[in-house]
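Shown next: model.cif, containing mmCIF, C-alpha atoms and all ligand atoms.
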```cif
data_protein
loop_
_atom_site.label_atom_id
_atom_site.label_comp_id
_atom_site.auth_asym_id
_atom_site.auth_seq_id
_atom_site.Cartn_x
_atom_site.Cartn_y
_atom_site.Cartn_z
CA MET A 26 114.06 103.66 81.92
CA ASN A 27 115.45 101.62 84.74
CA ARG A 28 112.71 101.62 87.34
CA LEU A 29 114.61 99.07 89.33
CA ALA A 30 117.59 101.20 90.27
CA ILE A 31 118.22 101.85 93.92
CA LEU A 32 116.93 105.21 95.01
CA PRO A 33 119.57 107.79 94.08
CA SER A 34 120.49 109.95 97.02
CA SER A 35 119.62 113.08 95.04
CA SER A 36 115.96 112.08 95.08
CA VAL A 37 115.85 112.01 98.86
CA PRO A 38 114.42 115.30 100.04
CA PRO A 39 117.06 117.43 101.80
CA PRO A 40 116.54 117.69 105.56
CA VAL A 41 114.47 120.68 106.50
CA ALA A 42 115.65 123.09 109.16
CA ALA A 43 114.70 122.03 112.65
CA SER A 44 111.60 123.83 113.85
CA ALA A 45 108.85 122.93 116.30
CA PRO A 46 108.68 119.17 116.88
CA PRO A 47 106.22 117.45 114.57
CA ALA A 48 102.82 116.65 116.04
CA VAL A 49 102.75 113.04 117.18
CA ASP A 50 100.55 113.29 120.24
CA PRO A 51 96.91 112.72 119.32
CA ALA A 52 95.88 114.83 122.32
CA GLU A 53 97.53 117.85 120.71
CA VAL A 54 95.94 117.48 117.29
CA ALA A 55 92.31 118.17 116.39
CA PRO A 56 90.62 114.76 116.12
CA GLU A 57 89.31 115.55 112.64
CA ASP A 58 92.92 116.12 111.55
CA TRP A 59 94.41 113.14 113.38
CA ASN A 60 91.77 110.83 111.91
CA ASP A 61 92.25 112.21 108.40
CA TRP A 62 94.66 109.92 106.54
CA ARG A 63 95.72 112.67 104.18
CA TRP A 64 96.63 114.86 107.16
CA GLN A 65 98.70 111.94 108.46
CA LEU A 66 100.54 111.58 105.15
CA ARG A 67 101.05 115.34 104.79
CA HIS A 68 102.53 115.44 108.31
CA SER A 69 104.75 112.40 107.91
CA ILE A 70 108.06 112.47 109.74
CA THR A 71 110.78 112.14 107.15
CA THR A 72 113.98 113.67 108.49
CA GLY A 73 116.56 113.09 111.15
CA GLU A 74 115.95 116.59 112.49
CA GLN A 75 112.30 115.76 113.07
CA LEU A 76 113.19 112.51 114.79
CA ALA A 77 115.78 114.25 116.93
CA ALA A 78 113.14 116.75 118.04
CA LEU A 79 110.92 113.87 119.16
CA VAL A 80 113.22 111.36 120.84
CA THR A 81 116.61 111.33 122.47
CA LEU A 82 118.47 109.50 119.73
CA THR A 83 121.18 107.02 120.60
CA ASP A 84 124.58 107.36 118.93
CA ASP A 85 123.74 104.26 116.94
CA GLU A 86 120.50 105.80 115.68
CA ARG A 87 122.30 109.04 114.86
CA ALA A 88 124.77 107.09 112.76
CA GLY A 89 121.91 105.31 111.00
CA ILE A 90 120.15 108.55 110.23
CA ALA A 91 123.37 110.10 108.91
CA ALA A 92 123.82 107.18 106.53
CA ALA A 93 120.18 106.90 105.48
CA PRO A 94 120.06 109.44 102.62
CA GLY A 95 122.27 107.31 100.39
CA LEU A 96 120.52 104.08 101.40
CA PHE A 97 116.82 104.29 102.03
CA ARG A 98 114.54 107.10 103.02
CA ILE A 99 113.05 107.55 106.45
CA GLY A 100 109.32 108.03 106.85
CA THR A 101 106.46 107.36 109.23
CA THR A 102 103.00 108.67 109.88
CA PRO A 103 102.55 110.63 113.11
CA TYR A 104 100.08 107.90 114.16
CA TYR A 105 102.64 105.11 113.87
CA PHE A 106 105.27 107.25 115.55
CA SER A 107 102.87 107.81 118.45
CA LEU A 108 103.29 104.09 119.23
CA VAL A 109 107.03 104.52 119.83
CA ASP A 110 108.27 103.93 123.35
CA ARG A 111 110.48 106.98 123.56
CA ALA A 112 112.25 105.74 126.68
CA HIS A 113 113.55 102.58 125.02
CA PRO A 114 115.68 102.36 121.86
CA ALA A 115 114.76 98.65 121.67
CA CYS A 116 111.07 99.46 121.16
CA PRO A 117 109.86 97.30 118.26
CA VAL A 118 108.02 100.20 116.63
CA ARG A 119 111.00 102.50 117.00
CA ARG A 120 113.33 99.89 115.50
CA GLN A 121 111.16 99.67 112.39
CA ILE A 122 111.19 103.45 111.92
CA ILE A 123 114.66 104.65 112.95
CA PRO A 124 117.72 103.19 111.23
CA THR A 125 120.80 102.19 113.17
CA GLY A 126 124.42 102.44 112.07
CA LEU A 127 124.45 98.82 110.96
CA GLU A 128 122.15 99.69 108.06
CA ALA A 129 125.21 101.12 106.33
CA ARG A 130 127.03 97.80 106.59
CA ILE A 131 126.38 96.18 103.22
CA ARG A 132 127.62 92.61 102.85
CA PRO A 133 128.71 91.31 99.45
CA GLU A 134 126.03 88.61 99.69
CA GLU A 135 123.37 91.27 99.99
CA LEU A 136 121.54 92.61 97.01
CA GLU A 137 119.39 95.51 95.97
CA ASP A 138 117.07 92.95 94.41
CA PRO A 139 117.45 89.85 96.60
CA LEU A 140 114.43 88.08 95.16
CA GLY A 141 115.44 88.30 91.50
CA GLU A 142 112.38 90.35 90.69
CA GLU A 143 114.11 92.27 87.92
CA THR A 144 114.53 89.11 85.89
CA HIS A 145 110.84 88.24 86.25
CA ASN A 146 109.59 91.56 85.00
CA PRO A 147 107.55 91.13 81.78
CA THR A 148 106.39 94.75 81.90
CA PRO A 149 107.73 97.53 84.14
CA ALA A 150 104.97 97.38 86.78
CA LEU A 151 104.65 93.60 86.96
CA ILE A 152 106.53 90.70 88.53
CA HIS A 153 105.63 87.26 87.23
CA LYS A 154 107.49 84.58 89.14
CA TYR A 155 104.97 81.79 89.76
CA PRO A 156 102.85 80.03 87.15
CA ASP A 157 99.43 81.38 88.02
CA ARG A 158 99.95 84.62 89.90
CA VAL A 159 101.54 88.01 89.39
CA LEU A 160 102.49 90.92 91.55
CA LEU A 161 101.44 94.37 90.37
CA LEU A 162 103.59 97.29 91.52
CA ALA A 163 100.70 99.74 91.58
CA VAL A 164 102.35 102.56 93.48
CA ASP A 165 105.80 103.39 94.81
CA ARG A 166 105.00 105.12 98.08
CA CYS A 167 104.24 103.84 101.56
CA ALA A 168 102.95 105.38 104.76
CA ILE A 169 106.07 104.07 106.50
CA TYR A 170 109.50 103.16 105.15
CA CYS A 171 110.31 100.02 107.12
CA ARG A 172 113.97 99.50 107.98
CA HIS A 173 113.63 95.89 106.77
CA CYS A 174 111.91 96.75 103.47
CA ASN A 175 112.81 94.20 100.81
CA ARG A 176 111.67 96.37 97.95
CA ARG A 177 113.55 99.44 99.00
CA ARG A 178 115.12 99.78 95.57
CA LEU A 179 111.65 100.56 94.19
CA VAL A 180 109.89 102.35 96.96
CA GLY A 181 110.46 106.01 97.57
CA GLY A 182 107.62 107.99 96.05
CA ASP A 183 109.61 109.57 93.26
CA ALA A 184 108.84 107.31 90.30
CA PRO A 185 105.28 106.01 90.47
CA PRO A 186 104.17 103.71 87.68
CA THR A 187 102.63 105.69 84.84
CA ARG A 188 99.16 104.99 83.54
CA ASP A 189 100.79 103.59 80.41
CA GLU A 190 102.85 101.15 82.51
CA LEU A 191 99.72 100.07 84.36
CA GLU A 192 97.93 99.52 81.05
CA GLN A 193 100.89 97.44 79.81
CA ALA A 194 100.53 95.31 82.94
CA PHE A 195 96.78 94.85 82.37
CA ASP A 196 97.47 93.91 78.72
CA TYR A 197 100.03 91.32 79.81
CA ILE A 198 97.64 89.79 82.35
CA ALA A 199 94.81 89.79 79.78
CA ARG A 200 96.89 87.85 77.27
CA THR A 201 98.44 85.50 79.86
CA ARG A 202 95.59 83.14 80.63
CA ARG A 203 97.49 81.26 83.34
CA VAL A 204 97.23 84.27 85.64
CA ARG A 205 94.41 83.62 88.11
CA ASP A 206 95.61 85.64 91.08
CA VAL A 207 96.82 89.24 91.06
CA LEU A 208 98.57 90.65 94.09
CA ILE A 209 98.53 94.43 94.21
CA SER A 210 101.51 95.75 96.07
CA GLY A 211 104.20 98.33 95.51
CA GLY A 212 104.49 100.53 97.61
CA ASP A 213 101.22 100.43 99.46
CA PRO A 214 98.07 100.30 97.32
CA LEU A 215 95.90 101.72 100.11
CA CYS A 216 97.96 104.92 99.86
CA LEU A 217 96.29 105.43 96.48
CA SER A 218 93.08 107.43 96.25
CA THR A 219 89.93 105.32 96.31
CA ALA A 220 89.24 106.37 92.70
CA LYS A 221 92.67 105.29 91.45
CA LEU A 222 92.48 101.95 93.22
CA ASP A 223 88.96 101.45 91.87
CA TYR A 224 90.30 102.03 88.36
CA ILE A 225 92.99 99.38 88.85
CA LEU A 226 90.57 96.85 90.34
CA THR A 227 87.98 97.55 87.64
CA ARG A 228 90.55 96.99 84.88
CA LEU A 229 91.62 93.71 86.51
CA ARG A 230 88.02 92.57 86.94
CA GLN A 231 87.47 93.05 83.18
CA ILE A 232 89.88 90.14 82.64
CA PRO A 233 87.77 86.97 82.87
CA HIS A 234 90.54 84.59 83.93
CA VAL A 235 91.58 86.70 86.94
CA GLU A 236 89.91 84.80 89.76
CA ILE A 237 91.17 86.39 92.96
CA ILE A 238 92.78 89.72 93.79
CA ARG A 239 94.92 90.42 96.84
CA LEU A 240 96.08 93.70 98.31
CA GLY A 241 99.38 93.75 100.19
CA THR A 242 99.20 96.69 102.56
CA ARG A 243 100.61 98.01 105.81
CA VAL A 244 97.91 100.66 106.07
CA PRO A 245 95.94 98.85 108.83
CA VAL A 246 99.15 98.98 110.89
CA VAL A 247 100.51 102.43 110.16
CA LEU A 248 97.53 104.43 108.84
CA PRO A 249 94.36 102.71 110.10
CA MET A 250 92.34 105.91 109.74
CA ARG A 251 92.49 105.37 105.98
CA ILE A 252 89.92 102.64 106.71
CA THR A 253 88.19 103.80 109.90
CA GLY A 254 88.17 107.56 109.24
CA GLN A 255 86.75 109.90 106.66
CA GLY A 256 86.41 108.20 103.29
CA GLY A 257 86.86 104.78 104.85
CA ASP A 258 83.26 103.74 104.21
CA GLU A 259 83.64 104.59 100.51
CA LEU A 260 86.94 102.71 100.34
CA VAL A 261 85.51 99.55 101.88
CA ALA A 262 82.31 99.75 99.80
CA MET A 263 84.48 100.08 96.69
CA LEU A 264 86.67 97.14 97.67
CA ARG A 265 83.74 94.83 98.24
CA ARG A 266 82.49 95.47 94.71
CA HIS A 267 85.58 93.58 93.51
CA HIS A 268 85.18 90.31 95.40
CA PRO A 269 86.73 87.79 95.77
CA LEU A 270 89.28 90.17 97.24
CA PHE A 271 91.74 89.46 100.05
CA VAL A 272 93.94 91.75 102.11
CA ASN A 273 97.31 90.72 103.48
CA THR A 274 98.71 93.10 106.02
CA HIS A 275 101.98 93.26 107.94
CA PHE A 276 101.96 93.39 111.73
CA ASN A 277 105.30 92.53 113.32
CA HIS A 278 104.58 93.09 117.00
CA ALA A 279 101.56 93.05 119.32
CA ARG A 280 102.36 96.65 120.26
CA GLU A 281 101.10 97.61 116.80
CA LEU A 282 97.65 96.10 117.43
CA THR A 283 96.02 99.22 118.85
CA PRO A 284 92.25 99.57 119.16
CA LEU A 285 92.31 101.65 115.96
CA ALA A 286 94.39 99.10 114.05
CA ARG A 287 92.05 96.35 115.20
CA ALA A 288 89.03 98.41 114.15
CA ALA A 289 90.52 98.83 110.68
CA CYS A 290 91.06 95.08 110.29
CA GLU A 291 87.62 94.28 111.65
CA LYS A 292 85.97 96.72 109.29
CA LEU A 293 87.58 94.96 106.35
CA VAL A 294 86.61 91.53 107.67
CA ASP A 295 83.06 92.70 108.28
CA ALA A 296 82.93 93.66 104.60
CA GLY A 297 83.68 90.04 103.76
CA ILE A 298 87.34 90.68 103.01
CA PRO A 299 89.48 87.99 104.62
CA VAL A 300 92.52 89.63 106.20
CA GLY A 301 95.79 87.73 106.49
CA ASN A 302 99.06 88.77 108.04
CA GLN A 303 102.66 88.46 106.89
CA THR A 304 105.18 88.99 109.67
CA VAL A 305 108.87 89.51 109.03
CA LEU A 306 111.04 87.80 111.62
CA LEU A 307 113.25 90.61 112.91
CA ARG A 308 116.20 89.91 115.17
CA GLY A 309 115.85 91.58 118.54
CA ILE A 310 112.48 93.04 117.57
CA ASN A 311 110.09 90.08 117.52
CA SER A 312 112.50 87.13 117.62
CA SER A 313 111.23 85.48 120.80
CA VAL A 314 108.63 82.76 121.22
CA ARG A 315 106.83 84.93 123.71
CA SER A 316 106.60 87.91 121.39
CA LEU A 317 105.50 85.84 118.39
CA ARG A 318 102.89 83.91 120.37
CA ARG A 319 101.37 87.11 121.69
CA LEU A 320 101.31 88.67 118.22
CA MET A 321 99.71 85.64 116.56
CA ARG A 322 97.10 85.24 119.30
CA GLU A 323 96.13 88.89 119.18
CA LEU A 324 95.89 88.73 115.40
CA ILE A 325 93.56 85.74 115.35
CA LYS A 326 91.42 87.38 118.06
CA THR A 327 91.04 90.27 115.64
CA ARG A 328 90.02 87.75 112.95
CA VAL A 329 93.30 88.34 111.12
CA ARG A 330 94.74 85.02 110.00
CA PRO A 331 98.54 84.66 110.33
CA TYR A 332 99.74 83.61 106.87
CA TYR A 333 103.51 83.82 106.54
CA LEU A 334 106.40 84.33 108.93
CA PHE A 335 109.26 85.47 106.72
CA GLN A 336 112.87 84.64 107.27
CA GLY A 337 114.65 87.92 106.45
CA ASP A 338 115.57 88.52 102.81
CA THR A 339 119.17 89.31 101.94
CA VAL A 340 118.37 92.89 101.06
CA ALA A 341 121.21 95.39 101.27
CA GLY A 342 121.69 96.87 104.74
CA THR A 343 119.47 94.45 106.68
CA ASP A 344 121.89 91.74 107.80
CA HIS A 345 121.62 92.91 111.40
CA LEU A 346 117.85 92.31 111.33
CA ARG A 347 118.05 88.68 110.25
CA THR A 348 118.09 85.65 112.53
CA SER A 349 119.82 82.40 111.70
CA ILE A 350 117.70 79.69 110.09
CA GLU A 351 118.14 77.54 113.20
CA THR A 352 116.74 80.31 115.37
CA ALA A 353 113.79 80.74 113.02
CA GLN A 354 113.06 77.03 113.21
CA GLU A 355 113.30 76.98 117.00
CA LEU A 356 110.90 79.90 117.20
CA MET A 357 108.43 78.12 114.93
CA ALA A 358 108.72 74.99 117.06
CA GLY A 359 107.51 77.17 119.92
CA LEU A 360 104.32 77.99 118.03
CA ARG A 361 103.13 74.83 116.26
CA GLY A 362 101.17 72.64 118.63
CA TRP A 363 101.51 75.08 121.52
CA MET A 364 98.78 77.39 120.29
CA SER A 365 95.71 77.29 118.07
CA GLY A 366 96.69 76.05 114.64
CA MET A 367 94.58 78.91 113.26
CA ALA A 368 97.16 81.29 114.72
CA VAL A 369 100.26 79.55 113.37
CA PRO A 370 101.85 81.09 110.26
CA GLN A 371 104.06 79.20 107.83
CA LEU A 372 107.78 79.94 108.10
CA VAL A 373 109.13 80.66 104.62
CA LEU A 374 112.27 81.89 103.02
CA ASP A 375 111.91 83.84 99.79
CA ALA A 376 114.76 82.32 97.84
CA PRO A 377 117.49 84.61 96.49
CA GLY A 378 117.42 84.83 92.72
CA GLY A 379 113.69 84.35 92.30
CA GLY A 380 113.06 80.78 93.44
CA GLY A 381 109.99 81.90 95.31
CA LYS A 382 108.84 81.25 98.85
CA ILE A 383 110.12 78.02 100.35
CA PRO A 384 108.86 76.53 103.63
CA ILE A 385 111.87 75.92 105.87
CA GLY A 386 110.39 73.91 108.66
CA PRO A 387 111.08 72.95 111.31
CA ASN A 388 110.94 69.48 109.88
CA HIS A 389 108.65 67.16 111.82
CA LEU A 390 109.21 64.22 109.50
CA VAL A 391 112.30 62.51 110.90
CA GLU A 392 112.61 59.29 108.86
CA THR A 393 110.85 57.95 105.77
CA HIS A 394 110.76 54.19 105.06
CA ALA A 395 108.64 52.24 102.58
CA ASP A 396 106.52 50.73 105.34
CA ARG A 397 106.54 53.51 107.95
CA VAL A 398 107.69 56.99 108.76
CA VAL A 399 108.87 58.52 112.00
CA VAL A 400 107.44 61.88 113.00
CA ARG A 401 108.26 64.18 115.88
CA SER A 402 105.41 65.62 117.94
CA TYR A 403 105.43 69.23 119.12
CA ARG A 404 106.51 67.92 122.52
CA GLY A 405 109.44 66.11 120.98
CA ALA A 406 108.10 62.54 121.11
CA LEU A 407 109.06 60.28 118.19
CA VAL A 408 106.04 58.47 116.77
CA ASP A 409 105.81 55.70 114.17
CA TYR A 410 103.26 56.13 111.41
CA PRO A 411 102.61 53.01 109.27
CA GLN A 412 102.48 53.57 105.51
CA PRO A 413 99.46 52.11 103.66
CA LEU A 414 99.78 48.92 101.64
CA GLU A 415 98.28 50.31 98.43
CA ARG A 416 100.23 53.06 96.60
CA ASP A 417 98.24 53.92 93.50
CA ALA A 418 96.75 57.39 94.14
CA THR A 419 95.08 58.07 90.77
CA VAL A 420 91.51 59.42 91.04
CA PRO A 421 89.19 57.48 88.71
CA TYR A 422 86.47 60.14 88.86
CA ASP A 423 88.82 62.81 87.47
CA GLU A 424 88.04 61.54 83.98
CA VAL A 425 84.37 62.22 84.58
CA PHE A 426 84.72 65.45 86.51
CA PHE A 427 87.23 67.03 84.10
CA ALA A 428 85.77 65.52 80.91
CA GLY A 429 86.55 67.70 77.90
CA GLU A 430 88.93 70.02 79.79
CA PRO A 431 92.50 70.34 78.60
CA GLU A 432 95.14 68.81 80.86
CA ASP A 433 96.07 71.13 83.74
CA ASP A 434 99.30 72.70 82.48
CA ASP A 435 100.33 74.60 85.58
CA ARG A 436 103.41 72.51 86.09
CA GLU A 437 104.71 73.26 82.65
CA GLY A 438 103.37 76.77 82.41
CA GLY A 439 106.02 78.71 84.28
CA PRO A 440 106.37 82.41 83.65
CA ASP A 441 108.95 81.84 80.96
CA ALA A 442 106.98 79.11 79.16
C1 LIG B 1 104.89 86.35 97.48
C2 LIG B 1 104.67 86.52 96.03
C3 LIG B 1 103.53 86.00 95.41
C4 LIG B 1 102.46 85.26 96.17
O1 LIG B 1 102.91 84.13 96.77
P1 LIG B 1 101.92 83.21 97.60
O2 LIG B 1 102.77 82.13 98.15
O3 LIG B 1 100.87 82.73 96.62
O4 LIG B 1 101.28 84.07 98.64
C5 LIG B 1 103.41 86.17 94.05
N1 LIG B 1 104.35 86.82 93.33
C6 LIG B 1 105.47 87.29 93.90
C7 LIG B 1 106.49 87.95 93.05
C8 LIG B 1 105.66 87.18 95.27
O5 LIG B 1 106.76 87.68 95.84
#
```
Would you write the structure of this file as structure tokens?
Ligand SMILES: *Cc1c(COP(=O)(O)O)cnc(C)c1O
Amino acid sequence: MNRLAILPSSSVPPPVAASAPPAVDPAEVAPEDWNDWRWQLRHSITTGEQLAALVTLTDDERAGIAAAPGLFRIGTTPYYFSLVDRAHPACPVRRQIIPTGLEARIRPEELEDPLGEETHNPTPALIHKYPDRVLLLAVDRCAIYCRHCNRRRLVGGDAPPTRDELEQAFDYIARTRRVRDVLISGGDPLCLSTAKLDYILTRLRQIPHVEIIRLGTRVPVVLPMRITGQGGDELVAMLRRHHPLFVNTHFNHARELTPLARAACEKLVDAGIPVGNQTVLLRGINSSVRSLRRLMRELIKTRVRPYYLFQGDTVAGTDHLRTSIETAQELMAGLRGWMSGMAVPQLVLDAPGGGGKIPIGPNHLVETHADRVVVRSYRGALVDYPQPLERDATVPYDEVFFAGEPEDDDREGGPDA
């Protein structure tokens, strides 16, 4: 079975007949419903008709919605939709939910699988690209289908990994001793029931060489009541039984950091789960120094540590959302040094073909000589840094500290070794 095929249009649910507009105003929904994550998922907005009943769509958005069924499904929780500025098509939340006509413009350079994940796929639910860490595709649904999704070929909610595929992944990890770090992604693992996620984490924790586990999730952004609402205490109590466990979430704009989203992040952090953030640089959505600074500052205030800022992947239908590399570097130069280093993410490009994440600067090292280097400060000043006289960097105590241990083979032990 080819789990990596792009979503066939036949699997996209047909639009339902327009009826009353979906409920997206928390004031009009009983609080016990609004704060129930399963109610949110059951009432997700998934069709152009529903969107049209909620906002005055632009022609461009109408064209995007018309093209969407053959490309990538539409979907958002009512909660996340409630953050849309309905008066402005440029609203950063709106732009992540509603496609525009340019999504149908597929460039030959673009790919369904821009990161070469299919060729690093030892078992159907696993991607093994780096020596010591793997990515587990635990589920194929999300609470929102982001217009910039780089795994859109996999995500759609119609072909979840089977229990047998999950067991194959656990077997592979168990017999691959290099794997120390398992990233659970998909789809969104916090869209799983607490019991199902507990089963996955328990199986991973039975493998002695798995040191850390990470969850990649947008739930704090788009479905925070999964964590703050009913069942949230059980979820967090379950998660903390599997420490050391980290969460990486995905805020792209300060508008998304509502009191509820903050409460969700803080509840995780209070349970001893460090929360990091991976932002995707999105042209016209967050591609200004001002917008990025505000986002990063608000994140760190919430005790969420900015981790990566991603240059856009070359995924089919997202060219219009990418910035040039030069723009990305200029934006980064507006962060580093100008604000708390704790709030500065690393700008990376996930290389086409599976090369992994590569830092792309900006480069502050201007010249390298044997006796000195020249570096550029955040204010643009060029500074000389003298190189040391001695060059031998071997650590004599390593022989004592690592006595009896085999040589660290991480360099040689790539996924194909
Ligand atoms: C991003 C990613 C990882 C983790 O990379 P880090 O740089 O360690 O955060 C692991 N596997 C795959 C396939 C990834 O895409």
Original post:
Neighbours of stretch 166-183 of chain A within 8 Å (all atoms listed in the file; same-chain residues fewer than 6 positions away dropped), as a PyMOL selection string?
Top reply: chain A and resi 28-32+36+66+69+97-102+120-124+137-139+211-213+216+243-244+247-248+338+340+343+346
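Atom CA of A:Thr219 is found 5.7 Å from atom CA of A:Leu260.
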Original post:
Given a cut-off of 6 Å, what residues near ligand LIG 1 (chain B) show up using all atoms listed in the file, put as number ranges by chain?
Top reply: A: 152-154, 158-160
**OP:** Tell me, in Å to one decimal, how far atom CA of A:Trp62 is from atom CA of A:Arg330.
**Re:** 25.1 Å
**OP:** Considering all atoms listed in the file, state which residue in the set A:Glu355, A:Val300, A:Pro94, A:Ala368 is at the smallest distance from A:Arg318.
**Re:** A:Ala368
**OP:** Quick one: pull the distance between atom CA of A:Tyr410 and atom CA of A:Ser365, Å, one decimal.
**Re:** 23.4 Å
